[in-house]
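Student: My structure is in model_7.txt, and what it holds is compact mmCIF, C-alpha atoms (C1' of nucleotides):
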```
# COMPACT_ATOMS: atom_id res chain seq x y z
CA MET K 291 0.00 0.00 0.00
CA GLY K 292 1.01 3.64 0.26
CA ARG K 293 1.28 6.09 -2.54
CA PRO K 294 2.80 4.47 -5.64
CA LYS K 295 6.07 5.64 -7.17
CA SER K 296 5.49 8.08 -9.98
CA PHE K 297 8.69 7.19 -11.82
CA GLU K 298 10.74 4.22 -12.88
CA PRO K 299 13.93 4.18 -10.77
CA ASP K 300 15.87 2.61 -13.63
CA VAL K 301 14.92 5.42 -15.94
CA VAL K 302 15.94 8.00 -13.38
CA VAL K 303 19.30 6.31 -12.90
CA ALA K 304 19.80 6.25 -16.66
CA ARG K 305 19.02 9.94 -16.96
CA ALA K 306 21.25 10.70 -14.00
CA MET K 307 24.02 8.73 -15.66
CA GLU K 308 23.78 10.85 -18.78
CA THR K 309 23.96 14.01 -16.73
CA PHE K 310 26.91 12.91 -14.62
CA TRP K 311 28.64 11.73 -17.77
CA THR K 312 28.21 15.06 -19.46
CA LYS K 313 28.82 17.42 -16.56
CA GLY K 314 30.93 15.43 -14.12
CA PHE K 315 30.13 14.57 -10.52
CA ALA K 316 30.91 17.90 -8.93
CA GLY K 317 29.50 19.71 -11.93
CA THR K 318 26.10 18.12 -11.49
CA SER K 319 23.89 19.74 -8.87
CA PRO K 320 20.78 18.26 -7.28
CA ALA K 321 18.87 20.87 -9.25
CA ASP K 322 20.42 19.55 -12.47
CA LEU K 323 19.39 16.04 -11.55
CA ALA K 324 15.86 17.11 -10.77
CA GLU K 325 15.60 18.80 -14.14
CA ALA K 326 17.17 15.92 -16.05
CA THR K 327 15.00 13.29 -14.42
CA GLY K 328 11.79 15.23 -14.07
CA VAL K 329 11.68 14.26 -10.41
CA ALA K 330 11.76 16.84 -7.64
CA LYS K 331 14.89 17.14 -5.54
CA GLY K 332 13.26 16.01 -2.34
CA SER K 333 11.89 12.95 -4.04
CA LEU K 334 15.29 12.01 -5.38
CA TYR K 335 16.73 12.21 -1.90
CA HIS K 336 13.86 10.17 -0.57
CA SER K 337 14.53 7.43 -3.12
CA PHE K 338 18.29 7.45 -3.41
CA GLY K 339 19.61 8.87 -0.17
CA SER K 340 22.22 11.21 -1.53
CA LYS K 341 23.82 12.53 -4.67
CA ARG K 342 26.74 10.21 -4.11
CA GLU K 343 24.51 7.14 -3.84
CA LEU K 344 22.64 8.01 -6.99
CA PHE K 345 25.98 8.44 -8.70
CA GLY K 346 26.96 4.99 -7.50
CA LYS K 347 23.91 3.51 -9.20
CA ALA K 348 24.66 5.49 -12.34
CA LEU K 349 28.23 4.27 -12.47
CA GLU K 350 27.09 0.72 -11.96
CA LEU K 351 24.66 1.05 -14.84
CA TYR K 352 27.42 2.53 -16.97
CA GLY K 353 29.66 -0.43 -16.30
CA ARG K 354 26.92 -2.91 -17.10
CA THR K 355 25.84 -1.34 -20.38
CA GLY K 356 29.44 -0.74 -21.38
CA ALA K 357 30.33 -4.37 -20.87
CA GLU K 358 27.28 -5.45 -22.84
CA LEU K 359 28.25 -3.26 -25.75
CA ALA K 360 31.82 -4.54 -25.72
CA GLU K 361 30.68 -8.12 -25.58
CA GLU K 362 28.29 -7.57 -28.44
CA VAL K 363 30.77 -5.85 -30.73
CA LEU K 364 33.68 -8.14 -29.96
CA SER K 365 31.68 -11.27 -30.58
CA ARG K 366 30.57 -10.40 -34.11
CA PRO K 367 32.22 -12.37 -36.91
CA GLY K 368 35.77 -11.54 -37.88
CA THR K 369 39.34 -11.90 -36.63
CA ALA K 370 40.30 -10.71 -33.18
CA LYS K 371 42.16 -7.77 -34.66
CA GLU K 372 39.21 -6.76 -36.82
CA ARG K 373 36.82 -6.91 -33.87
CA VAL K 374 39.06 -4.96 -31.54
CA ARG K 375 39.59 -2.33 -34.21
CA ALA K 376 35.84 -2.10 -34.73
CA TYR K 377 35.24 -1.70 -31.02
CA PHE K 378 37.93 0.93 -30.47
CA THR K 379 36.82 2.85 -33.54
CA LEU K 380 33.22 2.72 -32.43
CA LEU K 381 34.01 4.18 -29.02
CA VAL K 382 36.15 6.95 -30.43
CA ASP K 383 33.61 7.83 -33.09
CA LEU K 384 30.70 7.77 -30.67
CA ASP K 385 32.52 10.23 -28.48
CA LEU K 386 33.49 12.53 -31.32
CA ASP K 387 30.03 12.46 -32.89
CA GLY K 388 28.29 13.52 -29.70
CA PRO K 389 27.49 17.17 -28.98
CA VAL K 390 30.18 17.18 -26.29
CA ARG K 391 33.22 14.97 -25.82
CA ARG K 392 32.38 13.36 -22.53
CA GLY K 393 34.89 10.55 -22.77
CA CYS K 394 34.44 7.54 -20.53
CA LEU K 395 32.41 7.97 -17.34
CA ALA K 396 34.57 5.49 -15.48
CA GLN K 397 37.75 7.28 -16.42
CA ASN K 398 36.29 10.70 -15.74
CA THR K 399 35.27 9.44 -12.33
CA VAL K 400 38.63 8.10 -11.31
CA GLU K 401 40.31 11.25 -12.56
CA GLU K 402 37.89 13.59 -10.85
CA LEU K 403 37.28 11.79 -7.58
CA GLY K 404 40.52 9.89 -7.72
CA VAL K 405 41.77 8.66 -4.44
CA ARG K 406 39.45 10.85 -2.39
CA ASP K 407 36.71 8.32 -3.00
CA GLU K 408 37.94 4.80 -2.39
CA GLU K 409 34.62 3.25 -3.26
CA ALA K 410 34.47 4.99 -6.63
CA ALA K 411 38.02 3.89 -7.39
CA ARG K 412 37.09 0.29 -6.66
CA ALA K 413 34.00 0.50 -8.87
CA VAL K 414 36.09 1.83 -11.74
CA HIS K 415 38.67 -0.85 -11.18
CA ARG K 416 36.00 -3.51 -11.51
CA ILE K 417 34.84 -1.98 -14.79
CA GLU K 418 38.38 -1.95 -16.13
CA GLN K 419 38.96 -5.54 -15.05
CA ARG K 420 35.86 -6.68 -16.84
CA MET K 421 36.96 -4.96 -20.03
CA ILE K 422 40.39 -6.54 -19.81
CA GLY K 423 38.77 -9.91 -19.32
CA LEU K 424 36.66 -9.49 -22.44
CA LEU K 425 39.66 -8.44 -24.49
CA ALA K 426 41.77 -11.31 -23.22
CA ALA K 427 39.02 -13.80 -24.00
CA ARG K 428 38.61 -12.48 -27.53
CA ILE K 429 42.35 -12.57 -28.16
CA GLU K 430 42.65 -16.06 -26.81
CA GLU K 431 39.77 -17.07 -29.04
CA GLY K 432 41.63 -15.62 -32.02
CA ARG K 433 44.79 -17.38 -31.02
CA LEU K 434 43.02 -20.72 -30.97
CA ALA K 435 41.28 -19.87 -34.23
CA GLY K 436 44.63 -19.10 -35.76
CA ASP K 437 44.17 -15.44 -36.62
CA VAL K 438 46.39 -14.35 -33.74
CA ASP K 439 50.02 -15.37 -33.53
CA ARG K 440 50.70 -18.49 -31.45
CA GLY K 441 53.24 -16.73 -29.27
CA VAL K 442 50.94 -13.96 -28.07
CA ASP K 443 50.12 -13.83 -24.37
CA ALA K 444 46.43 -12.96 -24.38
CA GLY K 445 46.46 -11.57 -20.84
CA ALA K 446 49.43 -9.32 -21.41
CA GLN K 447 48.12 -8.16 -24.74
CA ALA K 448 44.73 -7.37 -23.25
CA LEU K 449 46.37 -5.17 -20.64
CA VAL K 450 48.22 -3.20 -23.28
CA LEU K 451 45.05 -2.83 -25.31
CA GLN K 452 43.20 -1.54 -22.27
CA ALA K 453 45.95 1.00 -21.71
CA THR K 454 45.75 2.02 -25.35
CA LEU K 455 41.99 2.34 -25.13
CA SER K 456 42.18 4.43 -21.99
CA GLY K 457 44.77 6.62 -23.64
CA LEU K 458 42.62 6.99 -26.74
CA ARG K 459 39.72 8.18 -24.67
CA VAL K 460 41.87 10.75 -22.94
CA MET K 461 43.24 11.93 -26.25
CA ALA K 462 39.75 12.00 -27.74
CA LYS K 463 39.21 15.10 -25.63
CA THR K 464 41.79 17.11 -27.52
CA PHE K 465 42.76 15.37 -30.76
CA ASP K 466 40.85 14.99 -33.99
CA ARG K 467 39.45 11.87 -35.56
CA ALA K 468 42.25 11.32 -38.05
CA VAL K 469 44.90 11.18 -35.34
CA LEU K 470 42.87 8.83 -33.20
CA HIS K 471 42.21 6.46 -36.09
CA ARG K 472 45.87 6.52 -36.93
CA ILE K 473 46.70 5.51 -33.38
CA ILE K 474 44.29 2.61 -33.58
CA ASP K 475 45.84 1.44 -36.82
CA THR K 476 49.39 1.60 -35.54
CA ALA K 477 48.61 0.08 -32.19
CA LEU K 478 46.85 -2.88 -33.77
CA ALA K 479 49.51 -3.51 -36.37
CA GLY K 480 51.61 -4.99 -33.58
CA PHE K 481 49.89 -8.20 -32.64
CA MET L 290 57.99 52.39 -5.16
CA GLY L 291 55.02 51.10 -3.22
CA ARG L 292 55.03 48.24 -0.78
CA PRO L 293 57.22 45.39 -2.03
CA LYS L 294 55.83 41.93 -2.73
CA SER L 295 56.27 39.67 0.23
CA PHE L 296 56.39 36.46 -1.82
CA GLU L 297 57.91 35.05 -4.95
CA PRO L 298 55.11 34.62 -7.51
CA ASP L 299 56.88 31.61 -9.02
CA VAL L 300 56.95 29.88 -5.67
CA VAL L 301 53.27 30.56 -5.13
CA VAL L 302 52.44 29.16 -8.54
CA ALA L 303 54.49 26.08 -7.79
CA ARG L 304 52.71 25.52 -4.49
CA ALA L 305 49.35 26.13 -6.15
CA MET L 306 50.27 23.58 -8.81
CA GLU L 307 50.94 20.96 -6.16
CA THR L 308 47.60 21.67 -4.53
CA PHE L 309 45.60 21.60 -7.76
CA TRP L 310 47.41 18.43 -8.74
CA THR L 311 46.51 16.72 -5.51
CA LYS L 312 42.98 17.95 -5.00
CA GLY L 313 41.75 18.85 -8.46
CA PHE L 314 40.52 22.22 -9.69
CA ALA L 315 37.05 22.15 -8.15
CA GLY L 316 38.41 20.43 -5.08
CA THR L 317 40.79 23.25 -4.34
CA SER L 318 39.23 26.23 -2.57
CA PRO L 319 40.71 29.70 -2.27
CA ALA L 320 41.18 28.89 1.40
CA ASP L 321 43.22 25.81 0.44
CA LEU L 322 45.38 27.92 -1.81
CA ALA L 323 45.94 30.50 0.90
CA GLU L 324 47.03 27.81 3.30
CA ALA L 325 49.24 26.02 0.78
CA THR L 326 50.99 29.17 -0.35
CA GLY L 327 51.10 31.04 2.94
CA VAL L 328 49.57 34.04 1.21
CA ALA L 329 46.21 35.47 2.25
CA LYS L 330 43.24 34.98 -0.04
CA GLY L 331 42.83 38.64 -0.83
CA SER L 332 46.46 38.92 -1.76
CA LEU L 333 46.22 35.99 -4.12
CA TYR L 334 43.28 37.60 -5.86
CA HIS L 335 45.17 40.87 -6.02
CA SER L 336 48.10 39.17 -7.70
CA PHE L 337 46.45 36.57 -9.87
CA GLY L 338 42.95 37.82 -10.56
CA SER L 339 41.03 34.62 -10.02
CA LYS L 340 41.34 31.00 -9.09
CA ARG L 341 41.08 30.08 -12.75
CA GLU L 342 43.92 32.38 -13.75
CA LEU L 343 46.18 31.04 -11.06
CA PHE L 344 45.32 27.57 -12.25
CA GLY L 345 46.32 28.60 -15.75
CA LYS L 346 49.76 29.60 -14.51
CA ALA L 347 50.02 26.36 -12.56
CA LEU L 348 49.16 24.27 -15.58
CA GLU L 349 51.67 26.16 -17.67
CA LEU L 350 54.35 25.49 -15.11
CA TYR L 351 53.38 21.84 -15.05
CA GLY L 352 53.77 21.59 -18.81
CA ARG L 353 57.14 23.26 -18.74
CA THR L 354 58.67 21.18 -15.96
CA GLY L 355 57.15 18.02 -17.39
CA ALA L 356 58.71 18.64 -20.76
CA GLU L 357 62.07 19.36 -19.14
CA LEU L 358 61.95 16.10 -17.24
CA ALA L 359 61.03 14.14 -20.35
CA GLU L 360 63.76 15.76 -22.36
CA GLU L 361 66.29 15.05 -19.65
CA VAL L 362 65.39 11.39 -19.19
CA LEU L 363 64.98 10.62 -22.88
CA SER L 364 68.32 12.12 -23.80
CA ARG L 365 70.42 10.04 -21.45
CA PRO L 366 72.58 7.36 -23.07
CA GLY L 367 70.90 4.17 -24.31
CA THR L 368 68.67 2.92 -27.08
CA ALA L 369 65.36 4.60 -27.80
CA LYS L 370 63.51 1.68 -26.33
CA GLU L 371 65.57 1.73 -23.16
CA ARG L 372 65.05 5.46 -22.69
CA VAL L 373 61.32 5.33 -23.29
CA ARG L 374 61.01 2.45 -20.88
CA ALA L 375 62.98 4.38 -18.29
CA TYR L 376 60.76 7.42 -18.73
CA PHE L 377 57.48 5.54 -18.56
CA THR L 378 58.64 3.55 -15.57
CA LEU L 379 59.79 6.69 -13.82
CA LEU L 380 56.42 8.39 -14.23
CA VAL L 381 54.49 5.37 -13.05
CA ASP L 382 56.75 4.83 -10.06
CA LEU L 383 56.73 8.48 -9.08
CA ASP L 384 52.97 8.40 -9.02
CA LEU L 385 52.76 5.18 -7.04
CA ASP L 386 55.41 6.22 -4.55
CA GLY L 387 53.66 9.45 -3.66
CA PRO L 388 51.30 9.68 -0.69
CA VAL L 389 48.36 9.96 -3.11
CA ARG L 390 48.01 8.87 -6.71
CA ARG L 391 47.45 12.19 -8.37
CA GLY L 392 48.17 11.04 -11.90
CA CYS L 393 48.96 13.65 -14.53
CA LEU L 394 47.74 17.18 -13.92
CA ALA L 395 47.14 17.76 -17.62
CA GLN L 396 45.02 14.64 -17.92
CA ASN L 397 43.15 15.32 -14.72
CA THR L 398 42.39 18.76 -16.04
CA VAL L 399 41.01 17.68 -19.37
CA GLU L 400 38.95 14.99 -17.68
CA GLU L 401 37.61 17.27 -14.99
CA LEU L 402 37.07 20.49 -16.93
CA GLY L 403 36.79 18.76 -20.27
CA VAL L 404 34.97 20.67 -22.87
CA ARG L 405 33.49 23.16 -20.45
CA ASP L 406 36.79 25.01 -20.49
CA GLU L 407 38.06 25.45 -24.03
CA GLU L 408 41.18 27.26 -22.92
CA ALA L 409 42.18 24.48 -20.55
CA ALA L 410 41.64 21.91 -23.29
CA ARG L 411 43.92 23.84 -25.60
CA ALA L 412 46.62 24.11 -22.95
CA VAL L 413 46.49 20.37 -22.36
CA HIS L 414 46.61 19.74 -26.07
CA ARG L 415 49.80 21.78 -26.33
CA ILE L 416 51.35 19.75 -23.52
CA GLU L 417 50.43 16.50 -25.24
CA GLN L 418 51.77 17.72 -28.55
CA ARG L 419 55.07 18.63 -27.00
CA MET L 420 55.39 15.19 -25.44
CA ILE L 421 54.60 13.52 -28.76
CA GLY L 422 57.22 15.66 -30.42
CA LEU L 423 59.86 14.60 -27.91
CA LEU L 424 58.98 10.93 -28.32
CA ALA L 425 59.02 11.18 -32.10
CA ALA L 426 62.40 12.89 -32.05
CA ARG L 427 63.90 10.26 -29.79
CA ILE L 428 62.54 7.42 -31.92
CA GLU L 429 63.79 9.01 -35.11
CA GLU L 430 67.17 9.40 -33.44
CA GLY L 431 67.14 5.71 -32.61
CA ARG L 432 66.15 4.84 -36.13
CA LEU L 433 69.08 6.72 -37.54
CA ALA L 434 71.37 5.23 -34.90
CA GLY L 435 70.17 1.80 -35.89
CA ASP L 436 68.58 0.66 -32.63
CA VAL L 437 65.10 1.14 -34.04
CA ASP L 438 63.87 -0.76 -37.06
CA ARG L 439 64.25 1.02 -40.39
CA GLY L 440 60.60 0.63 -41.27
CA VAL L 441 59.23 2.35 -38.18
CA ASP L 442 57.29 5.58 -38.69
CA ALA L 443 58.52 7.71 -35.81
CA GLY L 444 55.50 10.01 -35.84
CA ALA L 445 52.96 7.21 -35.79
CA GLN L 446 54.88 5.31 -33.15
CA ALA L 447 55.11 8.41 -30.97
CA LEU L 448 51.34 8.81 -31.11
CA VAL L 449 50.80 5.25 -29.97
CA LEU L 450 53.30 5.66 -27.19
CA GLN L 451 51.56 8.81 -26.02
CA ALA L 452 48.26 6.92 -25.95
CA THR L 453 49.91 4.13 -24.00
CA LEU L 454 51.40 6.60 -21.56
CA SER L 455 48.07 8.34 -21.06
CA GLY L 456 46.44 5.01 -20.50
CA LEU L 457 49.10 3.99 -18.02
CA ARG L 458 48.50 7.10 -16.01
CA VAL L 459 44.80 6.44 -15.92
CA MET L 460 45.37 2.87 -14.87
CA ALA L 461 47.91 3.96 -12.29
CA LYS L 462 44.92 5.18 -10.29
CA THR L 463 43.55 1.70 -9.80
CA PHE L 464 46.15 -0.93 -10.70
CA ASP L 465 49.28 -2.01 -8.88
CA ARG L 466 52.86 -1.60 -9.89
CA ALA L 467 53.36 -5.10 -11.24
CA VAL L 468 50.53 -4.75 -13.74
CA LEU L 469 51.73 -1.34 -14.89
CA HIS L 470 55.28 -2.54 -15.39
CA ARG L 471 53.98 -5.51 -17.31
CA ILE L 472 52.09 -3.18 -19.59
CA ILE L 473 55.21 -1.15 -20.24
CA ASP L 474 57.15 -4.30 -21.08
CA THR L 475 54.57 -5.64 -23.48
CA ALA L 476 53.90 -2.31 -25.13
CA LEU L 477 57.57 -1.69 -25.77
CA ALA L 478 58.27 -5.16 -27.09
CA GLY L 479 56.50 -4.11 -30.27
CA PHE L 480 58.77 -1.58 -31.92
C1' DC S 267 58.59 63.81 7.73
C1' DT S 268 55.00 63.72 4.11
C1' DA S 269 52.79 62.33 0.07
C1' DA S 270 52.15 59.01 -3.31
C1' DT S 271 52.03 54.33 -4.40
C1' DT S 272 51.53 49.49 -4.05
C1' DT S 273 50.63 45.19 -1.14
C1' DT S 274 48.57 42.74 2.49
C1' DT S 275 44.90 41.12 5.08
C1' DG S 276 40.88 39.45 7.31
C1' DA S 277 36.15 40.81 7.41
C1' DC S 278 32.39 40.76 4.68
C1' DC S 279 29.12 39.61 0.87
C1' DT S 280 26.53 36.85 -2.32
C1' DC S 281 25.12 32.81 -4.17
C1' DA S 282 24.40 28.14 -4.91
C1' DA S 283 25.20 23.40 -3.41
C1' DG S 284 23.55 19.62 -0.78
C1' DT S 285 20.28 18.24 2.29
C1' DT S 286 16.19 18.04 5.48
C1' DC S 287 11.43 18.44 6.44
C1' DA S 288 6.61 19.21 7.19
C1' DA S 289 2.67 19.17 4.84
C1' DA S 290 -0.11 17.54 0.99
C1' DA S 291 -1.22 13.70 -2.18
C1' DA S 292 -2.21 9.03 -3.54
C1' DC S 293 -2.84 4.62 -2.69
C1' DC S 294 -4.95 0.07 0.05
C1' DG S 295 -7.60 -2.73 3.24
C1' DT S 296 -11.56 -2.83 6.01
C1' DA H 115 -14.92 6.98 4.15
C1' DC H 116 -11.43 6.30 7.34
C1' DG H 117 -6.86 5.05 9.07
C1' DG H 118 -2.47 3.55 7.95
C1' DT H 119 1.24 3.92 4.87
C1' DT H 120 4.33 5.56 1.47
C1' DT H 121 5.59 9.36 -2.05
C1' DT H 122 5.92 13.92 -3.64
C1' DT H 123 7.13 18.52 -3.35
C1' DG H 124 8.76 23.10 -2.74
C1' DA H 125 10.26 25.77 1.03
C1' DA H 126 13.75 26.34 4.27
C1' DC H 127 18.23 25.58 6.30
C1' DT H 128 23.34 25.24 6.67
C1' DT H 129 27.55 25.57 4.86
C1' DG H 130 31.33 26.78 2.20
C1' DA H 131 32.90 28.53 -2.28
C1' DG H 132 34.53 32.38 -4.82
C1' DG H 133 35.31 36.95 -4.75
C1' DT H 134 35.38 42.14 -3.15
C1' DC H 135 36.87 45.81 -0.27
C1' DA H 136 38.36 49.26 2.95
C1' DA H 137 41.76 49.97 5.98
C1' DA H 138 46.51 49.12 7.56
C1' DA H 139 51.37 48.36 6.32
C1' DA H 140 55.52 49.02 3.76
C1' DT H 141 58.07 51.20 0.61
C1' DT H 142 60.41 55.54 -2.10
C1' DA H 143 60.71 60.31 -3.94
C1' DG H 144 61.06 64.84 -2.57
```
For this file, write the structure as structure tokens.

Tutor:
Amino acid sequence: MGRPKSFEPDVVVARAMETFWTKGFAGTSPADLAEATGVAKGSLYHSFGSKRELFGKALELYGRTGAELAEEVLSRPGTAKERVRAYFTLLVDLDLDGPVRRGCLAQNTVEELGVRDEEAARAVHRIEQRMIGLLAARIEEGRLAGDVDRGVDAGAQALVLQATLSGLRVMAKTFDRAVLHRIIDTALAGF
Amino acid sequence: MGRPKSFEPDVVVARAMETFWTKGFAGTSPADLAEATGVAKGSLYHSFGSKRELFGKALELYGRTGAELAEEVLSRPGTAKERVRAYFTLLVDLDLDGPVRRGCLAQNTVEELGVRDEEAARAVHRIEQRMIGLLAARIEEGRLAGDVDRGVDAGAQALVLQATLSGLRVMAKTFDRAVLHRIIDTALAGF
DNA sequence: CTAATTTTTGACCTCAAGTTCAAAAACCGT
DNA sequence: ACGGTTTTTGAACTTGAGGTCAAAAATTAG
């Protein structure tokens, strides 16, 4: 019983995620969140406790959807190298095609909140680990399929690719598409 | 004539840089700056105009000293690969050995202020460009000296290395030393 | 010493962020 | 329709950020 919720929590979290992604954690005020979600400030606090807690949900959602996208793109037909290139290119292009270059929420978070928020750092770490796992699995798959050199260490290679990807997303804030694509090409020529 | 300055502006900028680096732009209040520099708030505003302007000076100083360090380390005797490894390792270790993992001020800036501050983005871009130039020069030097493969495109390779370095500094916020060193090893095996 | 000039400083101001809350609204079972 | 329960909401509160300012302090020229 009691008055029913007038909004879908998942939708609110998704909208909040977009806002945090675009404006950063500190840059997003409760008023911004109320406007973005269409839910009054007080109600948001009633449902989510605090700005930080809502952000936690948003980051979690980001990690989940990000992993799903990666999984989807990496698993399409093609060699490991082709699939990784497609995925990296997709991320870079998505960012550059948007109205603002918001980069990666996880990275933005760890850079902005850094060490001051242990919990956030751990959440980001989990997201990165998952990505590395997906990359390693796809490389290993390619190795067994024969399109990746026998001698490649999938785990080590996945780590380097993750570093490259993180770097690309940093550089996507200040460099143009041609440069970023060139980096992808050169980086992938290696393995 | 007039009352003489009671502080060295360069020293104040250096102290401010340390504070911004550790706490971020938004995370650093005028009160923090006054405490860190030993100069009263009002005096800081009198000398530097605004928090943002002081930050500008701090970022400029960061770029300059960073470039000097890179130049110094890269130019010591050894092959290009050895020197790049030494430089990357130095940066990672410096970050991990500090009391807090503050990463790279330039990167933190572009992630935190991102597109909302065009000027900051441009400043960071200049810093990145300079770094890429230094890497490219060192690789080209190695190519001519014979310790780098003839077929390597120094410019393209420098871009990839910059991406790797940026990625390393992001990952240095959440991963441990062993992983980061492993990434350096694998990434450098390539060229 | 005085006048002119420049710095220094903490008090003060304004505004918005982040949060709390009391009252109104919307539901359900009886 | 009433009581119990949960949500919704804007108003209200507290706090600190970012910045301004008037008065005091420190200098030099004359």

Student: Taking only C-alpha atoms (C1' of nucleotides) into account, produce a table as JSON lines in which each residue of chain L with an atom at most 8 Å from an atom of chain H appears once, together with its shortest atom pair and the distance in Å to one decimal, ordered by chain and rising number.

Tutor:
```
{"residue": "L:Met290", "atom": "CA", "partner": "H:DT142", "partner_atom": "C1'", "distance": 5.0}
{"residue": "L:Gly291", "atom": "CA", "partner": "H:DT141", "partner_atom": "C1'", "distance": 4.9}
{"residue": "L:Arg292", "atom": "CA", "partner": "H:DT141", "partner_atom": "C1'", "distance": 4.5}
{"residue": "L:Pro293", "atom": "CA", "partner": "H:DT141", "partner_atom": "C1'", "distance": 6.4}
{"residue": "L:Ser318", "atom": "CA", "partner": "H:DA131", "partner_atom": "C1'", "distance": 6.7}
{"residue": "L:Pro319", "atom": "CA", "partner": "H:DG132", "partner_atom": "C1'", "distance": 7.2}
```

Student: List the neighbours of range 425-427 of chain K out to 7 Å using all atoms listed in the file; skip same-chain residues closer than 5 positions along the sequence, and give me the result as a list in words.

Tutor: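 In the requested form, the answer reads Ala444, Gly445 and Ala448 of chain K.
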
Student: Any idea which chain L residues end up within 8 Å of chain K if we count only C-alpha atoms, as an mmCIF file with C-alpha atoms, in the coordinates of the input please?

Tutor:
```cif
data_model
loop_
_atom_site.group_PDB
_atom_site.id
_atom_site.type_symbol
_atom_site.label_atom_id
_atom_site.label_comp_id
_atom_site.auth_asym_id
_atom_site.auth_seq_id
_atom_site.Cartn_x
_atom_site.Cartn_y
_atom_site.Cartn_z
ATOM 1 C CA GLY L 313 41.750 18.850 -8.460
ATOM 2 C CA ALA L 315 37.050 22.150 -8.150
ATOM 3 C CA VAL L 389 48.360 9.960 -3.110
ATOM 4 C CA ARG L 390 48.010 8.870 -6.710
ATOM 5 C CA ARG L 391 47.450 12.190 -8.370
ATOM 6 C CA GLY L 392 48.170 11.040 -11.900
ATOM 7 C CA GLN L 396 45.020 14.640 -17.920
ATOM 8 C CA ASN L 397 43.150 15.320 -14.720
ATOM 9 C CA VAL L 399 41.010 17.680 -19.370
ATOM 10 C CA GLU L 400 38.950 14.990 -17.680
ATOM 11 C CA GLU L 401 37.610 17.270 -14.990
ATOM 12 C CA GLY L 403 36.790 18.760 -20.270
ATOM 13 C CA VAL L 404 34.970 20.670 -22.870
ATOM 14 C CA ALA L 410 41.640 21.910 -23.290
ATOM 15 C CA ARG L 411 43.920 23.840 -25.600
ATOM 16 C CA VAL L 413 46.490 20.370 -22.360
ATOM 17 C CA HIS L 414 46.610 19.740 -26.070
ATOM 18 C CA ALA L 445 52.960 7.210 -35.790
ATOM 19 C CA GLN L 446 54.880 5.310 -33.150
ATOM 20 C CA LEU L 448 51.340 8.810 -31.110
ATOM 21 C CA VAL L 449 50.800 5.250 -29.970
ATOM 22 C CA GLN L 451 51.560 8.810 -26.020
ATOM 23 C CA ALA L 452 48.260 6.920 -25.950
ATOM 24 C CA THR L 453 49.910 4.130 -24.000
ATOM 25 C CA LEU L 454 51.400 6.600 -21.560
ATOM 26 C CA SER L 455 48.070 8.340 -21.060
ATOM 27 C CA GLY L 456 46.440 5.010 -20.500
ATOM 28 C CA LEU L 457 49.100 3.990 -18.020
ATOM 29 C CA VAL L 459 44.800 6.440 -15.920
ATOM 30 C CA MET L 460 45.370 2.870 -14.870
ATOM 31 C CA LYS L 462 44.920 5.180 -10.290
ATOM 32 C CA THR L 463 43.550 1.700 -9.800
ATOM 33 C CA PHE L 464 46.150 -0.930 -10.700
ATOM 34 C CA ARG L 471 53.980 -5.510 -17.310
ATOM 35 C CA ILE L 472 52.090 -3.180 -19.590
ATOM 36 C CA ILE L 473 55.210 -1.150 -20.240
ATOM 37 C CA THR L 475 54.570 -5.640 -23.480
ATOM 38 C CA ALA L 476 53.900 -2.310 -25.130
ATOM 39 C CA GLY L 479 56.500 -4.110 -30.270
#
```

Student: Select from chain S every residue with an atom at most 7 Å from any atom of chain K, then for each give the shortest pair of atoms and their distance in Å to one decimal, using all atoms listed in the file, rows by chain and rising number, as a tab-separated table.

Tutor:
```
residue	atom	partner	partner_atom	distance
S:DA283	C1'	K:Ser319	CA	6.7
S:DA292	C1'	K:Arg293	CA	4.7
S:DC293	C1'	K:Arg293	CA	4.4
S:DC294	C1'	K:Met291	CA	5.0
```

Student: Please, what distance in Å, to one decimal, runs between CA of Glu343 in chain K and CA of Asp321 in chain L?

Tutor: 26.8 Å
